[in-house]
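Have a look at start39.cif; it's mmCIF, C-alpha atoms:
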```cif
data_model
#
loop_
_atom_site.label_atom_id
_atom_site.label_comp_id
_atom_site.auth_asym_id
_atom_site.auth_seq_id
_atom_site.Cartn_x
_atom_site.Cartn_y
_atom_site.Cartn_z
CA MET A 361 70.54 96.55 99.43
CA PHE A 362 72.79 93.50 99.38
CA ASN A 363 71.37 91.50 102.32
CA LEU A 364 73.98 89.04 103.50
CA PHE A 365 72.79 85.51 104.24
CA GLN A 366 69.12 86.16 103.39
CA LYS A 367 68.70 84.63 99.94
CA LYS A 368 67.51 81.05 99.78
CA ASN A 369 66.55 80.26 96.19
CA SER A 370 68.82 79.94 93.18
CA ILE A 371 68.42 82.97 90.92
CA LYS A 372 69.67 83.41 87.36
CA PRO A 373 71.24 85.23 85.64
CA ARG A 374 73.95 85.77 88.22
CA GLN A 375 76.47 88.45 89.12
CA ILE A 376 79.82 86.78 89.84
CA ALA A 377 82.92 88.54 91.18
CA ILE A 378 86.32 86.89 90.88
CA GLY A 379 89.22 87.77 93.16
CA ASP A 380 92.87 88.24 92.22
CA VAL A 381 93.93 85.73 89.55
CA HIS A 382 97.63 86.67 89.47
CA GLY A 383 98.51 84.87 86.27
CA HIS A 384 97.03 81.47 87.18
CA TYR A 385 95.29 80.79 83.89
CA ASP A 386 94.67 77.07 84.41
CA GLY A 387 93.11 77.67 87.82
CA LEU A 388 90.95 80.44 86.39
CA ARG A 389 89.59 78.26 83.60
CA GLN A 390 88.89 75.50 86.11
CA LEU A 391 87.08 78.00 88.35
CA ILE A 392 84.94 79.31 85.50
CA ASP A 393 84.01 75.76 84.51
CA PHE A 394 83.20 74.95 88.13
CA CYS A 395 80.87 77.95 88.33
CA LYS A 396 79.05 76.72 85.20
CA THR A 397 78.69 80.26 83.93
CA SER A 398 76.17 80.97 81.19
CA ALA A 399 76.09 83.67 78.53
CA GLU A 400 73.54 85.55 80.65
CA ASP A 401 75.72 85.66 83.78
CA ARG A 402 77.75 88.80 84.43
CA VAL A 403 81.31 87.96 85.47
CA TYR A 404 83.52 90.69 86.95
CA PHE A 405 87.24 90.61 87.72
CA LEU A 406 88.48 92.69 90.66
CA GLY A 407 91.94 93.43 89.25
CA ASP A 408 95.41 91.94 89.71
CA ILE A 409 94.81 89.45 86.93
CA ILE A 410 98.56 89.53 86.14
CA ASP A 411 101.94 88.92 87.89
CA ARG A 412 103.30 86.18 90.17
CA GLY A 413 101.64 83.25 88.36
CA PRO A 414 103.06 81.70 85.17
CA LYS A 415 100.46 82.59 82.52
CA SER A 416 99.51 86.26 82.77
CA ALA A 417 99.48 86.73 78.99
CA GLU A 418 97.02 83.85 78.62
CA VAL A 419 94.79 85.28 81.37
CA VAL A 420 94.69 88.68 79.68
CA LYS A 421 94.00 87.18 76.24
CA TRP A 422 91.15 85.02 77.53
CA ILE A 423 89.45 87.76 79.59
CA ARG A 424 89.65 90.11 76.63
CA GLU A 425 88.19 87.48 74.31
CA GLN A 426 85.28 86.91 76.70
CA ASN A 427 84.77 90.67 77.02
CA TYR A 428 84.44 90.34 80.80
CA PRO A 429 84.54 93.60 82.79
CA CYS A 430 87.80 93.91 84.70
CA LEU A 431 88.95 96.48 87.24
CA MET A 432 92.30 98.15 87.55
CA GLY A 433 94.44 96.59 90.27
CA ASN A 434 97.71 97.77 91.75
CA HIS A 435 99.64 95.26 89.62
CA GLU A 436 98.09 96.67 86.45
CA VAL A 437 99.07 100.12 87.72
CA MET A 438 102.68 98.98 88.19
CA LEU A 439 102.76 97.55 84.66
CA LEU A 440 101.41 100.77 83.16
CA THR A 441 103.83 103.00 85.05
CA SER A 442 106.67 100.77 83.88
CA PHE A 443 105.67 101.36 80.25
CA ASN A 444 104.55 104.96 80.46
CA ASN A 445 103.12 105.93 77.04
CA GLY A 446 105.21 103.23 75.42
CA VAL A 447 108.45 104.43 77.04
CA VAL A 448 110.14 102.22 79.64
CA ASP A 449 110.38 103.90 83.04
CA GLU A 450 113.43 102.23 84.56
CA MET A 451 112.66 103.15 88.16
CA SER A 452 109.08 101.85 87.95
CA LEU A 453 110.27 98.73 86.13
CA ARG A 454 112.77 97.94 88.91
CA HIS A 455 109.90 98.14 91.40
CA TRP A 456 107.46 96.07 89.31
CA LEU A 457 109.71 93.17 88.27
CA PRO A 458 110.33 91.71 91.77
CA SER A 459 106.63 92.19 92.56
CA GLY A 460 105.70 89.60 89.95
CA GLY A 461 106.26 91.60 86.79
CA ASP A 462 109.11 89.28 85.80
CA THR A 463 106.70 86.36 85.35
CA THR A 464 104.33 88.53 83.35
CA LEU A 465 107.07 89.54 80.92
CA GLU A 466 108.16 85.91 80.64
CA SER A 467 104.61 84.86 79.77
CA TYR A 468 104.57 87.32 76.84
CA GLY A 469 107.85 86.00 75.46
CA ASP A 470 110.33 87.77 73.24
CA ALA A 471 107.63 89.79 71.47
CA GLY A 472 106.84 91.62 74.69
CA ILE A 473 103.52 93.12 75.75
CA PRO A 474 101.57 94.21 72.64
CA GLN A 475 100.37 97.78 72.39
CA SER A 476 96.76 96.56 72.25
CA ASP A 477 97.14 94.98 75.69
CA LEU A 478 98.76 98.12 77.10
CA GLU A 479 95.85 100.15 75.78
CA TRP A 480 93.39 97.68 77.27
CA PHE A 481 95.10 97.88 80.68
CA ALA A 482 94.95 101.67 80.52
CA SER A 483 91.22 101.54 79.78
CA LEU A 484 90.31 99.51 82.87
CA PRO A 485 87.91 101.26 85.27
CA SER A 486 88.87 101.94 88.87
CA TYR A 487 85.53 100.72 90.21
CA LEU A 488 82.10 99.50 89.13
CA ASP A 489 78.89 100.52 90.87
CA LEU A 490 76.27 97.81 90.37
CA GLY A 491 73.60 99.48 92.49
CA ASP A 492 73.54 97.48 95.72
CA VAL A 493 77.13 96.30 95.17
CA PHE A 494 80.28 98.37 94.63
CA LEU A 495 83.28 96.59 93.12
CA VAL A 496 86.78 97.98 93.64
CA HIS A 497 90.21 96.38 93.82
CA ALA A 498 91.55 97.59 97.18
CA GLY A 499 88.87 99.75 98.79
CA VAL A 500 88.10 103.41 99.31
CA ASP A 501 89.32 106.15 101.59
CA PRO A 502 86.56 106.24 104.22
CA PHE A 503 87.09 109.97 104.80
CA LYS A 504 86.89 111.21 101.20
CA SER A 505 84.13 111.34 98.62
CA LEU A 506 84.65 109.19 95.54
CA ASP A 507 85.30 112.20 93.32
CA LYS A 508 88.25 113.16 95.54
CA GLN A 509 89.91 109.75 95.12
CA ASN A 510 91.95 108.03 92.42
CA ASN A 511 93.93 104.84 91.88
CA ASP A 512 96.15 105.69 94.85
CA GLN A 513 93.13 104.77 96.97
CA PHE A 514 91.10 102.43 94.73
CA CYS A 515 94.07 100.19 93.88
CA TRP A 516 96.38 100.49 96.88
CA ILE A 517 94.55 101.38 100.10
CA ARG A 518 94.65 98.84 102.89
CA GLU A 519 94.62 99.55 106.63
CA LYS A 520 92.81 102.90 106.47
CA PHE A 521 89.88 101.27 104.67
CA LEU A 522 89.81 97.91 106.44
CA SER A 523 90.19 99.30 109.96
CA ASN A 524 87.34 101.80 109.63
CA HIS A 525 84.42 101.03 111.95
CA PHE A 526 81.62 102.35 109.75
CA PRO A 527 80.32 101.35 106.30
CA TYR A 528 81.27 103.74 103.52
CA PHE A 529 77.88 103.36 101.82
CA PRO A 530 74.55 103.20 103.66
CA ASP A 531 72.87 101.20 100.90
CA LYS A 532 75.47 98.95 99.25
CA ILE A 533 78.31 96.61 100.08
CA ILE A 534 81.86 96.99 98.79
CA ILE A 535 83.49 93.84 97.38
CA THR A 536 87.29 93.90 97.11
CA GLY A 537 90.39 91.88 96.40
CA HIS A 538 93.97 93.13 97.02
CA THR A 539 94.55 92.17 100.67
CA ILE A 540 94.94 88.42 101.15
CA THR A 541 92.27 87.44 103.63
CA PHE A 542 94.46 85.21 105.81
CA THR A 543 96.61 88.25 106.63
CA LEU A 544 93.62 89.63 108.53
CA PRO A 545 93.17 88.67 112.22
CA GLY A 546 91.36 85.39 112.80
CA VAL A 547 90.94 84.52 109.11
CA ARG A 548 92.18 81.15 107.85
CA PRO A 549 93.52 80.47 104.35
CA GLY A 550 90.62 80.21 101.91
CA GLU A 551 88.12 82.08 104.06
CA VAL A 552 86.36 85.22 102.84
CA ALA A 553 86.63 88.25 105.16
CA GLN A 554 83.82 90.60 106.14
CA GLY A 555 83.99 94.01 107.81
CA PRO A 556 81.63 96.97 108.18
CA GLY A 557 80.12 97.37 104.73
CA TRP A 558 82.68 95.24 102.86
CA LEU A 559 83.60 91.74 101.75
CA ASN A 560 87.11 90.72 100.70
CA ILE A 561 87.40 87.70 98.38
CA GLU A 562 91.17 87.78 97.74
CA THR A 563 92.05 84.38 99.20
CA GLY A 564 95.65 84.25 97.91
CA ALA A 565 95.66 82.03 94.83
CA TYR A 566 99.37 82.61 94.19
CA HIS A 567 100.43 82.12 97.82
CA ARG A 568 101.71 78.68 98.87
CA LYS A 569 99.97 79.08 102.22
CA SER A 570 96.62 79.14 100.42
CA GLY A 571 96.34 78.49 96.69
CA TRP A 572 92.61 79.23 96.73
CA MET A 573 91.13 81.31 93.91
CA THR A 574 87.65 82.56 94.73
CA ALA A 575 84.52 83.44 92.78
CA LEU A 576 81.56 84.91 94.62
CA ASP A 577 78.09 84.39 93.17
CA ILE A 578 76.75 87.67 94.53
CA THR A 579 73.20 86.95 93.43
CA ASN A 580 72.86 83.67 95.32
CA GLU A 581 75.57 84.22 97.99
CA ILE A 582 77.58 81.15 97.03
CA VAL A 583 81.37 80.90 97.07
CA TYR A 584 83.15 78.79 94.45
CA GLN A 585 86.83 78.02 94.97
CA VAL A 586 89.60 76.20 93.15
CA ASN A 587 93.03 75.50 94.58
CA VAL A 588 95.56 76.30 91.86
CA PHE A 589 98.17 73.95 93.35
CA SER A 590 96.13 70.86 94.26
CA GLY A 591 93.24 71.26 91.83
CA LYS A 592 90.74 70.79 94.66
CA GLN A 593 87.32 72.41 94.22
CA ARG A 594 84.72 73.44 96.76
CA LYS A 595 81.36 75.21 96.71
CA GLN A 596 79.87 76.65 99.89
CA PRO A 597 77.19 79.10 100.99
CA LEU A 598 78.78 82.44 101.78
CA ASP A 599 77.78 82.28 105.44
CA ARG A 600 79.88 79.11 105.89
CA VAL A 601 83.09 80.52 104.48
CA VAL A 602 82.97 84.15 105.64
CA LYS A 603 84.81 85.37 108.74
CA VAL A 604 83.84 88.64 110.41
CA VAL A 605 86.89 90.77 111.21
CA GLU A 606 87.05 93.28 114.02
CA PRO A 607 88.35 96.56 112.51
CA SER A 608 90.23 97.59 115.64
CA ARG A 609 92.42 94.49 115.33
CA ILE A 610 93.60 95.27 111.78
CA LYS A 611 97.18 96.50 111.66
CA PHE A 612 99.67 96.42 108.79
#
```
Full structure transcribed into structure tokens:
Amino acid sequence: MFNLFQKKNSIKPRQIAIGDVHGHYDGLRQLIDFCKTSAEDRVYFLGDIIDRGPKSAEVVKWIREQNYPCLMGNHEVMLLTSFNNGVVDEMSLRHWLPSGGDTTLESYGDAGIPQSDLEWFASLPSYLDLGDVFLVHAGVDPFKSLDKQNNDQFCWIREKFLSNHFPYFPDKIIITGHTITFTLPGVRPGEVAQGPGWLNIETGAYHRKSGWMTALDITNEIVYQVNVFSGKQRKQPLDRVVKVVEPSRIKF
């Protein structure tokens, strides 16, 4: 089981989860360099690698080149529904563009999103079970088994998951992005949020109130952060940057 705050010694190779990148390619490369990742480390992206920031195409190209595992996020879902089987869905497109899709299309230029990228987006898994850790973009429906859920839950769920008082798994912790942590009660910009059986590392890289992009070294319980606006870097033990959230206070 993933035992929070118990590990003391540096262990390699590492499992590293990275929260929502949202098109901030320069910040992502700075964060990866700051983490000093090696070829043996396993780096996982929790989805929402595109939209809002200026360089989504560059983010996608680089993650694909590195062959890093990446989850489906709700912004990838919006992109895919906008280009359903290569055909533009006008209603979905009108919803996606003001949600950050406009910057993604701009980053691809006049050539548009290549078919190979669309196929890659469509191939992204909804979650990854690493044994004592379960990675998913938004969360899970606490009242349904996994086989009864789909991207409506894995990529979009919010209050129903975060406000539940009991862990979903008895033997593993869920690590998510999706909900910016400072929107949760008592959590300051840049802090990681913790609830019953889950950690949220989406610290709002694209948001002017925060700017922090977060990588969690799961193996050693260390948080690496880069501010995409100021360029500031910081590295802290997880127990210094995590804020426990009371589920009954979570309302959206």
- Query: Using all atoms listed in the file, which residues sit within 9 Å of Ser442 (chain A) once same-chain residues fewer than 6 positions away are excluded, as a VMD selection string?
  - Reply: chain A and resid 448 to 456
- Item | Counting all atoms listed in the file, the option among A:His435, A:Asp470, A:Phe394, A:Ser370 closest to Tyr584 (chain A) |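 Of the candidates, the smallest distance to Tyr584 (chain A) is held by A:Phe394.
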Please report as a Markdown table every residue of region 400-502 of chain A lying within 10 Å of region 550-558 of chain A, along with the nearest atom pair and their distance in Å (one decimal), using all atoms listed in the file.
```
| residue | atom | partner | partner_atom | distance |
| --- | --- | --- | --- | --- |
| A:Val493 | CA | A:Trp558 | CA | 9.5 |
| A:Phe494 | CA | A:Trp558 | CA | 9.1 |
| A:Leu495 | CA | A:Trp558 | CA | 9.9 |
| A:Gly499 | CA | A:Trp558 | CA | 8.7 |
```
- If the PyMOL selection byres ((chain A and resi 537) around 9) is run on the structure shown, which residues does it catch, given as a PyMOL selection string? chain A and resi 378-380+406-408+433+496-499+535-536+538-541+559-563
- Message: Could you list, as JSON, numbers by chain, every residue matched by the PyMOL selection byres ((chain A and resi 419-423) around 8) in this structure?
- Response: {"A": [383, 384, 385, 388, 409, 410, 415, 416, 417, 418, 424, 425, 426, 427, 428, 477]}
Once you have the residues from the selection above, write them out as an mmCIF file, in the frame of the given file, restricted to C-alpha atoms.
```cif
data_model
loop_
_atom_site.group_PDB
_atom_site.id
_atom_site.type_symbol
_atom_site.label_atom_id
_atom_site.label_comp_id
_atom_site.auth_asym_id
_atom_site.auth_seq_id
_atom_site.Cartn_x
_atom_site.Cartn_y
_atom_site.Cartn_z
ATOM 1 C CA GLY A 383 98.510 84.870 86.270
ATOM 2 C CA HIS A 384 97.030 81.470 87.180
ATOM 3 C CA TYR A 385 95.290 80.790 83.890
ATOM 4 C CA LEU A 388 90.950 80.440 86.390
ATOM 5 C CA ILE A 409 94.810 89.450 86.930
ATOM 6 C CA ILE A 410 98.560 89.530 86.140
ATOM 7 C CA LYS A 415 100.460 82.590 82.520
ATOM 8 C CA SER A 416 99.510 86.260 82.770
ATOM 9 C CA ALA A 417 99.480 86.730 78.990
ATOM 10 C CA GLU A 418 97.020 83.850 78.620
ATOM 11 C CA ARG A 424 89.650 90.110 76.630
ATOM 12 C CA GLU A 425 88.190 87.480 74.310
ATOM 13 C CA GLN A 426 85.280 86.910 76.700
ATOM 14 C CA ASN A 427 84.770 90.670 77.020
ATOM 15 C CA TYR A 428 84.440 90.340 80.800
ATOM 16 C CA ASP A 477 97.140 94.980 75.690
#
```
Quick test: take region 418-433 of chain A, keep all heavy atoms, and write it as a PDB file, in the first residue's frame.
```pdb
ATOM      1  N   GLU A 418       3.355  21.300 -29.304  1.00  0.00           N
ATOM      2  CA  GLU A 418       4.709  20.953 -28.879  1.00  0.00           C
ATOM      3  C   GLU A 418       4.683  19.968 -27.715  1.00  0.00           C
ATOM      4  O   GLU A 418       5.508  19.048 -27.639  1.00  0.00           O
ATOM      5  CB  GLU A 418       5.486  22.210 -28.495  1.00  0.00           C
ATOM      6  CG  GLU A 418       5.863  23.099 -29.665  1.00  0.00           C
ATOM      7  CD  GLU A 418       4.808  24.172 -29.940  1.00  0.00           C
ATOM      8  OE1 GLU A 418       3.601  23.935 -29.650  1.00  0.00           O
ATOM      9  OE2 GLU A 418       5.191  25.242 -30.447  1.00  0.00           O
ATOM     10  N   VAL A 419       3.746  20.156 -26.786  1.00  0.00           N
ATOM     11  CA  VAL A 419       3.604  19.230 -25.657  1.00  0.00           C
ATOM     12  C   VAL A 419       3.297  17.825 -26.165  1.00  0.00           C
ATOM     13  O   VAL A 419       3.925  16.845 -25.759  1.00  0.00           O
ATOM     14  CB  VAL A 419       2.496  19.701 -24.694  1.00  0.00           C
ATOM     15  CG1 VAL A 419       2.203  18.626 -23.647  1.00  0.00           C
ATOM     16  CG2 VAL A 419       2.902  20.992 -23.994  1.00  0.00           C
ATOM     17  N   VAL A 420       2.318  17.736 -27.062  1.00  0.00           N
ATOM     18  CA  VAL A 420       1.924  16.431 -27.597  1.00  0.00           C
ATOM     19  C   VAL A 420       3.088  15.774 -28.320  1.00  0.00           C
ATOM     20  O   VAL A 420       3.385  14.584 -28.106  1.00  0.00           O
ATOM     21  CB  VAL A 420       0.714  16.573 -28.540  1.00  0.00           C
ATOM     22  CG1 VAL A 420       0.408  15.245 -29.234  1.00  0.00           C
ATOM     23  CG2 VAL A 420      -0.503  17.072 -27.774  1.00  0.00           C
ATOM     24  N   LYS A 421       3.770  16.529 -29.170  1.00  0.00           N
ATOM     25  CA  LYS A 421       4.891  15.979 -29.939  1.00  0.00           C
ATOM     26  C   LYS A 421       5.970  15.438 -29.013  1.00  0.00           C
ATOM     27  O   LYS A 421       6.484  14.328 -29.211  1.00  0.00           O
ATOM     28  CB  LYS A 421       5.477  17.064 -30.848  1.00  0.00           C
ATOM     29  CG  LYS A 421       6.642  16.613 -31.723  1.00  0.00           C
ATOM     30  CD  LYS A 421       7.064  17.742 -32.663  1.00  0.00           C
ATOM     31  CE  LYS A 421       8.175  17.289 -33.611  1.00  0.00           C
ATOM     32  NZ  LYS A 421       9.445  17.045 -32.911  1.00  0.00           N
ATOM     33  N   TRP A 422       6.301  16.194 -27.976  1.00  0.00           N
ATOM     34  CA  TRP A 422       7.384  15.795 -27.079  1.00  0.00           C
ATOM     35  C   TRP A 422       6.997  14.559 -26.254  1.00  0.00           C
ATOM     36  O   TRP A 422       7.788  13.622 -26.118  1.00  0.00           O
ATOM     37  CB  TRP A 422       7.771  16.946 -26.159  1.00  0.00           C
ATOM     38  CG  TRP A 422       8.969  16.636 -25.328  1.00  0.00           C
ATOM     39  CD1 TRP A 422      10.274  16.653 -25.726  1.00  0.00           C
ATOM     40  CD2 TRP A 422       8.968  16.241 -23.955  1.00  0.00           C
ATOM     41  NE1 TRP A 422      11.095  16.304 -24.682  1.00  0.00           N
ATOM     42  CE2 TRP A 422      10.325  16.037 -23.593  1.00  0.00           C
ATOM     43  CE3 TRP A 422       7.977  16.042 -23.006  1.00  0.00           C
ATOM     44  CZ2 TRP A 422      10.693  15.648 -22.310  1.00  0.00           C
ATOM     45  CZ3 TRP A 422       8.344  15.659 -21.735  1.00  0.00           C
ATOM     46  CH2 TRP A 422       9.679  15.462 -21.397  1.00  0.00           C
ATOM     47  N   ILE A 423       5.787  14.538 -25.703  1.00  0.00           N
ATOM     48  CA  ILE A 423       5.357  13.384 -24.913  1.00  0.00           C
ATOM     49  C   ILE A 423       5.316  12.131 -25.781  1.00  0.00           C
ATOM     50  O   ILE A 423       5.734  11.048 -25.347  1.00  0.00           O
ATOM     51  CB  ILE A 423       3.985  13.650 -24.262  1.00  0.00           C
ATOM     52  CG1 ILE A 423       4.121  14.724 -23.169  1.00  0.00           C
ATOM     53  CG2 ILE A 423       3.404  12.368 -23.663  1.00  0.00           C
ATOM     54  CD1 ILE A 423       2.806  15.131 -22.531  1.00  0.00           C
ATOM     55  N   ARG A 424       4.860  12.271 -27.010  1.00  0.00           N
ATOM     56  CA  ARG A 424       4.839  11.125 -27.912  1.00  0.00           C
ATOM     57  C   ARG A 424       6.256  10.644 -28.225  1.00  0.00           C
ATOM     58  O   ARG A 424       6.517   9.437 -28.261  1.00  0.00           O
ATOM     59  CB  ARG A 424       4.104  11.482 -29.201  1.00  0.00           C
ATOM     60  CG  ARG A 424       2.599  11.697 -29.030  1.00  0.00           C
ATOM     61  CD  ARG A 424       1.906  11.745 -30.379  1.00  0.00           C
ATOM     62  NE  ARG A 424       2.021  10.457 -31.062  1.00  0.00           N
ATOM     63  CZ  ARG A 424       1.678  10.255 -32.332  1.00  0.00           C
ATOM     64  NH1 ARG A 424       1.212  11.263 -33.063  1.00  0.00           N
ATOM     65  NH2 ARG A 424       1.805   9.059 -32.870  1.00  0.00           N
ATOM     66  N   GLU A 425       7.159  11.580 -28.444  1.00  0.00           N
ATOM     67  CA  GLU A 425       8.546  11.209 -28.743  1.00  0.00           C
ATOM     68  C   GLU A 425       9.189  10.475 -27.577  1.00  0.00           C
ATOM     69  O   GLU A 425       9.980   9.541 -27.768  1.00  0.00           O
ATOM     70  CB  GLU A 425       9.361  12.446 -29.077  1.00  0.00           C
ATOM     71  CG  GLU A 425       9.050  13.064 -30.432  1.00  0.00           C
ATOM     72  CD  GLU A 425       9.773  14.367 -30.668  1.00  0.00           C
ATOM     73  OE1 GLU A 425      10.305  14.951 -29.690  1.00  0.00           O
ATOM     74  OE2 GLU A 425       9.809  14.819 -31.822  1.00  0.00           O
ATOM     75  N   GLN A 426       8.852  10.890 -26.348  1.00  0.00           N
ATOM     76  CA  GLN A 426       9.416  10.239 -25.166  1.00  0.00           C
ATOM     77  C   GLN A 426       8.728   8.925 -24.838  1.00  0.00           C
ATOM     78  O   GLN A 426       9.203   8.157 -23.992  1.00  0.00           O
ATOM     79  CB  GLN A 426       9.310  11.175 -23.942  1.00  0.00           C
ATOM     80  CG  GLN A 426       9.927  12.544 -24.133  1.00  0.00           C
ATOM     81  CD  GLN A 426      11.363  12.485 -24.580  1.00  0.00           C
ATOM     82  OE1 GLN A 426      12.179  11.778 -23.979  1.00  0.00           O
ATOM     83  NE2 GLN A 426      11.694  13.226 -25.631  1.00  0.00           N
ATOM     84  N   ASN A 427       7.585   8.694 -25.483  1.00  0.00           N
ATOM     85  CA  ASN A 427       6.788   7.481 -25.237  1.00  0.00           C
ATOM     86  C   ASN A 427       6.344   7.373 -23.776  1.00  0.00           C
ATOM     87  O   ASN A 427       6.282   6.282 -23.203  1.00  0.00           O
ATOM     88  CB  ASN A 427       7.565   6.219 -25.643  1.00  0.00           C
ATOM     89  CG  ASN A 427       6.652   5.030 -25.873  1.00  0.00           C
ATOM     90  OD1 ASN A 427       5.496   5.177 -26.279  1.00  0.00           O
ATOM     91  ND2 ASN A 427       7.158   3.842 -25.603  1.00  0.00           N
ATOM     92  N   TYR A 428       6.027   8.528 -23.177  1.00  0.00           N
ATOM     93  CA  TYR A 428       5.537   8.533 -21.806  1.00  0.00           C
ATOM     94  C   TYR A 428       4.064   8.128 -21.770  1.00  0.00           C
ATOM     95  O   TYR A 428       3.269   8.600 -22.594  1.00  0.00           O
ATOM     96  CB  TYR A 428       5.677   9.923 -21.186  1.00  0.00           C
ATOM     97  CG  TYR A 428       7.073  10.320 -20.804  1.00  0.00           C
ATOM     98  CD1 TYR A 428       7.518  11.628 -21.010  1.00  0.00           C
ATOM     99  CD2 TYR A 428       7.951   9.419 -20.209  1.00  0.00           C
ATOM    100  CE1 TYR A 428       8.796  12.017 -20.644  1.00  0.00           C
ATOM    101  CE2 TYR A 428       9.232   9.799 -19.841  1.00  0.00           C
ATOM    102  CZ  TYR A 428       9.652  11.105 -20.059  1.00  0.00           C
ATOM    103  OH  TYR A 428      10.923  11.485 -19.701  1.00  0.00           O
ATOM    104  N   PRO A 429       3.655   7.299 -20.827  1.00  0.00           N
ATOM    105  CA  PRO A 429       2.229   7.000 -20.679  1.00  0.00           C
ATOM    106  C   PRO A 429       1.449   8.271 -20.329  1.00  0.00           C
ATOM    107  O   PRO A 429       1.897   9.087 -19.522  1.00  0.00           O
ATOM    108  CB  PRO A 429       2.194   6.003 -19.519  1.00  0.00           C
ATOM    109  CG  PRO A 429       3.572   5.431 -19.452  1.00  0.00           C
ATOM    110  CD  PRO A 429       4.486   6.528 -19.879  1.00  0.00           C
ATOM    111  N   CYS A 430       0.303   8.417 -20.953  1.00  0.00           N
ATOM    112  CA  CYS A 430      -0.539   9.594 -20.721  1.00  0.00           C
ATOM    113  C   CYS A 430      -1.987   9.150 -20.649  1.00  0.00           C
ATOM    114  O   CYS A 430      -2.432   8.309 -21.437  1.00  0.00           O
ATOM    115  CB  CYS A 430      -0.344  10.605 -21.855  1.00  0.00           C
ATOM    116  SG  CYS A 430      -1.330  12.110 -21.712  1.00  0.00           S
ATOM    117  N   LEU A 431      -2.727   9.725 -19.709  1.00  0.00           N
ATOM    118  CA  LEU A 431      -4.140   9.398 -19.545  1.00  0.00           C
ATOM    119  C   LEU A 431      -5.022  10.323 -20.371  1.00  0.00           C
ATOM    120  O   LEU A 431      -4.625  11.425 -20.758  1.00  0.00           O
ATOM    121  CB  LEU A 431      -4.536   9.518 -18.072  1.00  0.00           C
ATOM    122  CG  LEU A 431      -3.864   8.576 -17.084  1.00  0.00           C
ATOM    123  CD1 LEU A 431      -4.371   8.862 -15.679  1.00  0.00           C
ATOM    124  CD2 LEU A 431      -4.120   7.121 -17.457  1.00  0.00           C
ATOM    125  N   MET A 432      -6.218   9.880 -20.611  1.00  0.00           N
ATOM    126  CA  MET A 432      -7.247  10.707 -21.216  1.00  0.00           C
ATOM    127  C   MET A 432      -7.767  11.699 -20.182  1.00  0.00           C
ATOM    128  O   MET A 432      -8.088  11.334 -19.053  1.00  0.00           O
ATOM    129  CB  MET A 432      -8.409   9.833 -21.692  1.00  0.00           C
ATOM    130  CG  MET A 432      -9.515  10.593 -22.405  1.00  0.00           C
ATOM    131  SD  MET A 432      -9.111  11.007 -24.096  1.00  0.00           S
ATOM    132  CE  MET A 432      -9.229   9.379 -24.870  1.00  0.00           C
ATOM    133  N   GLY A 433      -7.806  12.969 -20.559  1.00  0.00           N
ATOM    134  CA  GLY A 433      -8.414  13.990 -19.718  1.00  0.00           C
ATOM    135  C   GLY A 433      -9.658  14.546 -20.386  1.00  0.00           C
ATOM    136  O   GLY A 433      -9.932  14.254 -21.558  1.00  0.00           O
TER     137      GLY A 433
END
```
